[in-house]
Structure formats: C-alpha cells, structure tokens
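Working notes, structure below.
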Amino acid sequence: MLQNNSPQLSNKQLLTKLTLPFVLVIAILVFKRFPAIIEKYFSTGIYIKISNFLRIITGWTNISIGDVLYTVIGIQILIWGIKIIRLLFKKQTSWYDFRIGIVVFTKRLMWLYIVFNFLWGLNYNRLGIAYQLHIEPKNYSKDETENLVCDLVDKLNESRRKIGKDSLPFFSYQEIYKVADSAYDNVTKKFPFLKHQNSSAKKSLYTGISHYVGFTGYYNPFSGEAQVSTDLPNILLPYISTHEIAHQLGYASEGEANFVGYLAGSKSDNIFLNYSVYMDLYKYAATELFLKDFTTSHGWELDSLVRKDFRDIRKFFNKKSNDIAPYMSELYNQYLLANQQIRGIESYNDVVAFLIAYKKKYDKI
C-alpha cells in the first residue's frame with residue numbers, strides 16, 4: 001500500500017474543498033433562469049470582451065491553439081487513467097486514496113463547468129437573435145415550408161448560374177475565412193450587433209479524423225477559435241465558416257448559428273459564399289418539407305448543375321461513411337440536450353423557423 005505521511009482529512013474536511021465550486025455551480029444554474037439578464041449583461045456585455053480577448057491571443061497563428069490544448073489534456077487524462085488502473089490491479093491504493101480521488105475529480109469537473117459557462121456556455125440561455133431582430137420563430141405550416149423551399153430553389157439556381165462553368169471553383173481555406181470575415185463586415189452595416197473583430201478561424205488539427213468524429217466545424221470556448229474541418233467538398237466550407245463565426249459572436253444554439261451564418265452569407269457580394277449558404281439551407285428546408293409531405297420536394301426545379309453539385313457532395317459523404325460517426329453524433333446530441341437544446345442535434349433544422357419568421361417581417365430571404 002502507498003505510504004502517505006501527511007495527516008488524513010476527515011470526510012467533512014474533504015467536502016469543504018468542494019464548497020466554493022459547488023456554490024458557483026448553483027449560482028450559474030440560478031443565473032440561467034434569467035435569459036434577459038444573460039442577454040444584457042453577459043452575451044452582449046462581458047462575453048463580447050472575453051471573446052475578443054481570446055481571439056487576440058490566439059489569432060496570431062494559423063495553428064489551432066485550442067486543439068493543441070485538447071490534445072495535451074487528452075494525453076494527461078489517458079496517463080491518469082492508466083496510473084489508476086495499475087494501482088487498482090496492484091492493490092496499492094486505499095479507501096482514503098479513493099475518496100481523495102473522487103473529491104479531486106469532482107472538484108475539477110465543477111471548475112470545468114464553471115469556466116465553460118463563464119467563457120461561453122451561458123450563451124445557451126440568452127434571448128438571442130430572435131429578440132434582437134424582433135421576430136418570432138414558431139411552428140410553421142406545410143405551405144410556409146413549401147414557399148420557403150421554392151424561394152431557396154430560386155436563390156440556388158440564380159447563384160449557380162452566376163458562378164457558371166460545369167465545375168465549381170476551388171478556394172483555399174485561408175481565402176474562405178477572409179470571405180467569411182468580409183461577409184460579417186458587410187452585414188454589420190444593417191445589423192451592428194453582428195460586429196466581428198479579431199479573426200481567429202482555423203483549420204482543425206483533427207481534420208483527418210473528422211469523418212470518424214462526425215464534425216464539420218466547431219467552436220472552442222476555451223481558446224475562442226472557430227475550427228473548420230477542411231477535408232470536405234470546398235463549396236461547404238464558406239457556410240460552415242460563417243456558422244462557426246456566429247458561435248464566436250455568442251450564438252450558441254445551432255439553429256441560431258445557422259441563421260446568423262445565413263444573415264452574413266446571404267448579404268455578401270461573394271457569389272460562392274451565397275451559393276454555399278443556400279445549398280445548406282435548402283437541405284434543411286427540404287428535409288422539413290419532406291417530413292410534412294413526403295411527396296413534395298421541388299428538387300426537380302433545381303438547375304441541372306445544382307443537382308450535379310448535390311450528387312457530388314452525396315458521393316463524397318457516402319465514401320466517408322463509417323460505424324463510429326453515428327455514436328459520436330449521439331454523444332454530441334446528449335451534449336446539446338444537456339445545454340437546454342431540447343431538440344438536440346435536430347436543432348440545426350431550427351433555422352427553418354428563423355427563416356420563415358424573418359421572411360414574414362422582411363418579405364424576402
């Protein structure tokens with residue numbers, strides 16, 4: 001058995017070590033019940049300063065600092081796990097050591113929750129983009145969905161014809177990030193609250209395994225970086241970039257991030273970005289229409305080149321399909337549910353409700 005010369009702590013003393021983080025966790029849970037306060041003081045106040053600061057200290061390099069941090073932490077957890085297993089097999093631990101381990105683990109877990117919420121997580125409970133635009137996303141009818149699909153078909157066809165050529169042009173991910181940043185500069189003229197400063201969009205270091213993990217992009221709340229998997233059809237990257245930048249601006253909900261990405265991308269004068277936005281939105285809207293009426297899709301109205309582009313994307317993902325991604329998607333689904341996203345991974349499709357509400361107010365998309 002391991003020799004421990006330091007005096008042993010009582011159960012009460014051990015629990016005392018958890019007092020401060022426990023109180024802070026309770027305070028956060030209470031604070032989350034007041035979205036208006038979060039919107040005013042955190043999401044459009046403290047968080048803006050925090051996120052700008054994080055992007056300043058991580059934006060100077062193309063290397064994903066957040067991914068490096070995740071890798072280091074992952075290695076440390078692996079080493080820690082191996083040590084614990086070895087001690088258990090060698091019976092070199094005591095019940096007291098076990099209790100110490102539980103306290104340390106719980107304490108670190110609570111501090112992780114506290115830091116996560118302070119740096120970003122409280123944005124899941126804000127009033128959000130609907131409040132800022134004075135629109136009311138709500139349940140929508142089959143006719144409203146179909147009208148939206150028809151609008152998106154027109155936008156898709158128009159954008160694709162402007163691009164021309166049978167094959168889509170290719171852009172480096174650095175060029176795409178610049179286009180996404182410019183889109184936010186442009187949309188700020190109409191919606192000042194979408195101001196985005198200090199770019200920190202990066203190629204994910206985990207791009208090579210993205211198809212197994214099941215992600216196309218993600219926001220790192222601990223480094224403020226927007227991460228994009230670049231091992232994807234090039235046309236998908238512009239909209240993914242505007243989506244991840246929306247997360248940087250504090251729109252945590254996936255449906256909101258999709259909608260904010262649309263606001264920026266659709267107002268851009270870059271036709272490649274426009275096309276990328278409308279492709280993804282059509283996918284969401286057509287899926288919702290199919291669920292309401294499986295006999296209607298309006299896919300036959302798409303330009304032949306648009307249909308070709310969709311086929312190419314489908315072929316790409318069919319080749320990359322694997323048995324691990326569905327499990328990782330379910331893990332992410334549980335993460336969203338834990339953060340009050342009641343539709344889980346289906347919340348990406350909530351962008352349809354935002355688009356219909358936006359169209360009702362502005363009479364266009």
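Residues are named by chain letter and number: chains run A, B, ... in the order of the structure tokens, numbers start at 1 in each chain, and ligands are numbered from 1 in the order shown.
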
- [ ] Tell me, as an MDAnalysis selection string, which residues lie within 12 Å of Gln197 in chain A, counting only C-alpha atoms; anything in the same chain fewer than 6 positions away does not count.
- [x] chainID A and resid 48:49 51:56 59 181:182 184:185 188 224 245:246 248:249

TODO: Find the residues around Gly255 in chain A up to 9 Å (only C-alpha atoms counted), leave out those fewer than 2 positions away in its own chain, and share them as a list in words.
DONE: Tyr251, Ala252, Ser253, Ala257, Asn258, Phe259, Val260, Glu346, Ser347, Tyr348, Asn349, Asp350, Val351, Val352, Ala353 and Phe354 of chain A

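Proximity of A:Pro21, A:Gly128, A:Pro233, A:Gly164 to Arg314 in chain A, computed with only C-alpha atoms, is greatest for A:Pro233.
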
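Minimum atom-to-atom distance to Ile46 in chain A, evaluated using only C-alpha atoms, belongs to A:Leu122 out of A:Leu122, A:Val25, A:Lys189, A:Ile82.
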
Open item on the list: Given only C-alpha atoms as the basis, pick out the residue of A:Phe42, A:Phe22, A:Tyr278, A:Phe272 nearest to Asp154 in chain A.
Closed with: A:Tyr278

Task: Atomic separation - CA of Ile129 in chain A relative to CA of Gly261 in chain A, Å - done: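 It comes out at 11.4 Å.
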
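Using only C-alpha atoms, the protein and nucleic acid residues lying no more than 12 Å from Lys40 in chain A, apart from those fewer than 4 places from it along its own chain, are Phe34, Pro35, Ala36, Thr44, Gly45, Ile46, Tyr47, Ile48, Leu122, Asn123, Asn125, Arg126, Leu127, Gly128, Tyr131 and Gln132 of chain A.
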
Limited to C-alpha atoms, could you put the picked residues into a file as a CSV table (one decimal), in the first residue's frame?
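After the write, selection_25.csv holds the following:
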chain,number,residue,atom,x,y,z
A,34,PHE,CA,-32.9,34.7,-16.3
A,35,PRO,CA,-32.3,35.0,-20.1
A,36,ALA,CA,-32.9,38.7,-20.2
A,44,THR,CA,-23.8,41.5,-25.3
A,45,GLY,CA,-21.5,42.7,-22.5
A,46,ILE,CA,-19.0,40.6,-20.6
A,47,TYR,CA,-18.8,37.8,-23.3
A,48,ILE,CA,-18.0,40.2,-26.1
A,122,LEU,CA,-24.2,30.9,-20.6
A,123,ASN,CA,-25.0,31.9,-24.2
A,125,ASN,CA,-29.6,30.6,-22.2
A,126,ARG,CA,-29.7,34.1,-23.8
A,127,LEU,CA,-32.7,35.7,-25.6
A,128,GLY,CA,-30.7,35.6,-28.9
A,131,TYR,CA,-35.0,39.0,-29.7
A,132,GLN,CA,-32.5,41.3,-31.4

- [ ] Please measure the separation of CA of Leu69 in chain A and CA of Leu205 in chain A, giving the value in Å to one decimal.
- [x]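 Computing it gives 11.1 Å between the two atoms.
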
TODO: Record the distance separating CA of Val228 in chain A and CA of Phe193 in chain A, expressed in Å with one decimal.
DONE: 23.7 Å

TODO: Within 10 Å of Leu236 in chain A, counting only C-alpha atoms, which residues show up once you throw out same-chain ones fewer than 5 positions away? Write them as a PyMOL selection string, please.
DONE: chain A and resi 216+230+241+272-273+275-277+279-280+313

Save out the residues we just selected, C-alpha atoms, as a compact mmCIF listing (two decimals), in the first residue's frame.
# COMPACT_ATOMS: atom_id res chain seq x y z
CA THR A 216 -17.57 19.67 -39.99
CA THR A 230 -11.14 21.34 -44.42
CA SER A 241 -17.15 29.26 -41.59
CA PHE A 272 -19.54 31.43 -53.97
CA LEU A 273 -20.50 32.16 -50.34
CA TYR A 275 -24.33 29.55 -53.13
CA SER A 276 -22.80 27.71 -50.16
CA VAL A 277 -25.38 29.28 -47.82
CA MET A 279 -27.24 24.89 -50.57
CA ASP A 280 -27.23 24.14 -46.86
CA ILE A 313 -21.46 16.01 -52.26

TODO: Would you list, as JSON, numbers by chain, the residues of range 13-242 of chain A that end up in strand (DSSP E) under DSSP run on this structure's backbone?
DONE: {"A": [201, 202, 203, 217, 218, 219, 220, 225, 226, 227, 228]}

For Leu148 in chain A, work out the shell of residues within 8 Å, counting only C-alpha atoms and skipping chain neighbours fewer than 6 positions away, then give it as a JSON list (two decimals) with C-alpha atoms, in the first residue's frame.
[["chain", "number", "residue", "atom", "x", "y", "z"],
["A", 285, "ALA", "CA", -35.88, 23.24, -45.54],
["A", 355, "LEU", "CA", -36.06, 31.92, -41.93],
["A", 356, "ILE", "CA", -39.85, 31.79, -42.10]]

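Shortest atom-to-atom contact with Pro169 in chain A among A:Ile37, A:Ile365, A:Ala27, A:Ile271: A:Ile271, counting only C-alpha atoms.
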
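Candidate residues A:Ile102, A:Leu302, A:Leu112, A:Leu133 were compared for distance to Leu152 in chain A, and the nearest is A:Leu302, using only C-alpha atoms.
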
Task: Shell around Ala226 in chain A at 6 Å using only C-alpha atoms, local window under 5 positions removed, as a PyMOL selection string - done: chain A and resi 201+219+244

Write out the residues from the selection above, keeping N, CA and C atoms, as a short mmCIF file (atom, residue, chain, number, x, y, z; two decimals), in the first residue's frame.
data_model
loop_
_atom_site.label_atom_id
_atom_site.label_comp_id
_atom_site.auth_asym_id
_atom_site.auth_seq_id
_atom_site.Cartn_x
_atom_site.Cartn_y
_atom_site.Cartn_z
N ALA A 201 -10.18 32.15 -37.08
CA ALA A 201 -10.75 30.94 -37.69
C ALA A 201 -9.59 30.06 -38.14
N TYR A 219 -16.71 25.27 -32.35
CA TYR A 219 -16.16 26.43 -31.66
C TYR A 219 -15.48 25.96 -30.39
N GLU A 244 -19.57 29.01 -37.76
CA GLU A 244 -18.67 28.97 -36.61
C GLU A 244 -18.34 30.37 -36.10
#

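Shortest separation to Ser159 in chain A among A:Thr16, A:Asn139, A:Asn274, A:Asn117 occurs at residue A:Asn274, atoms counted being only C-alpha atoms.
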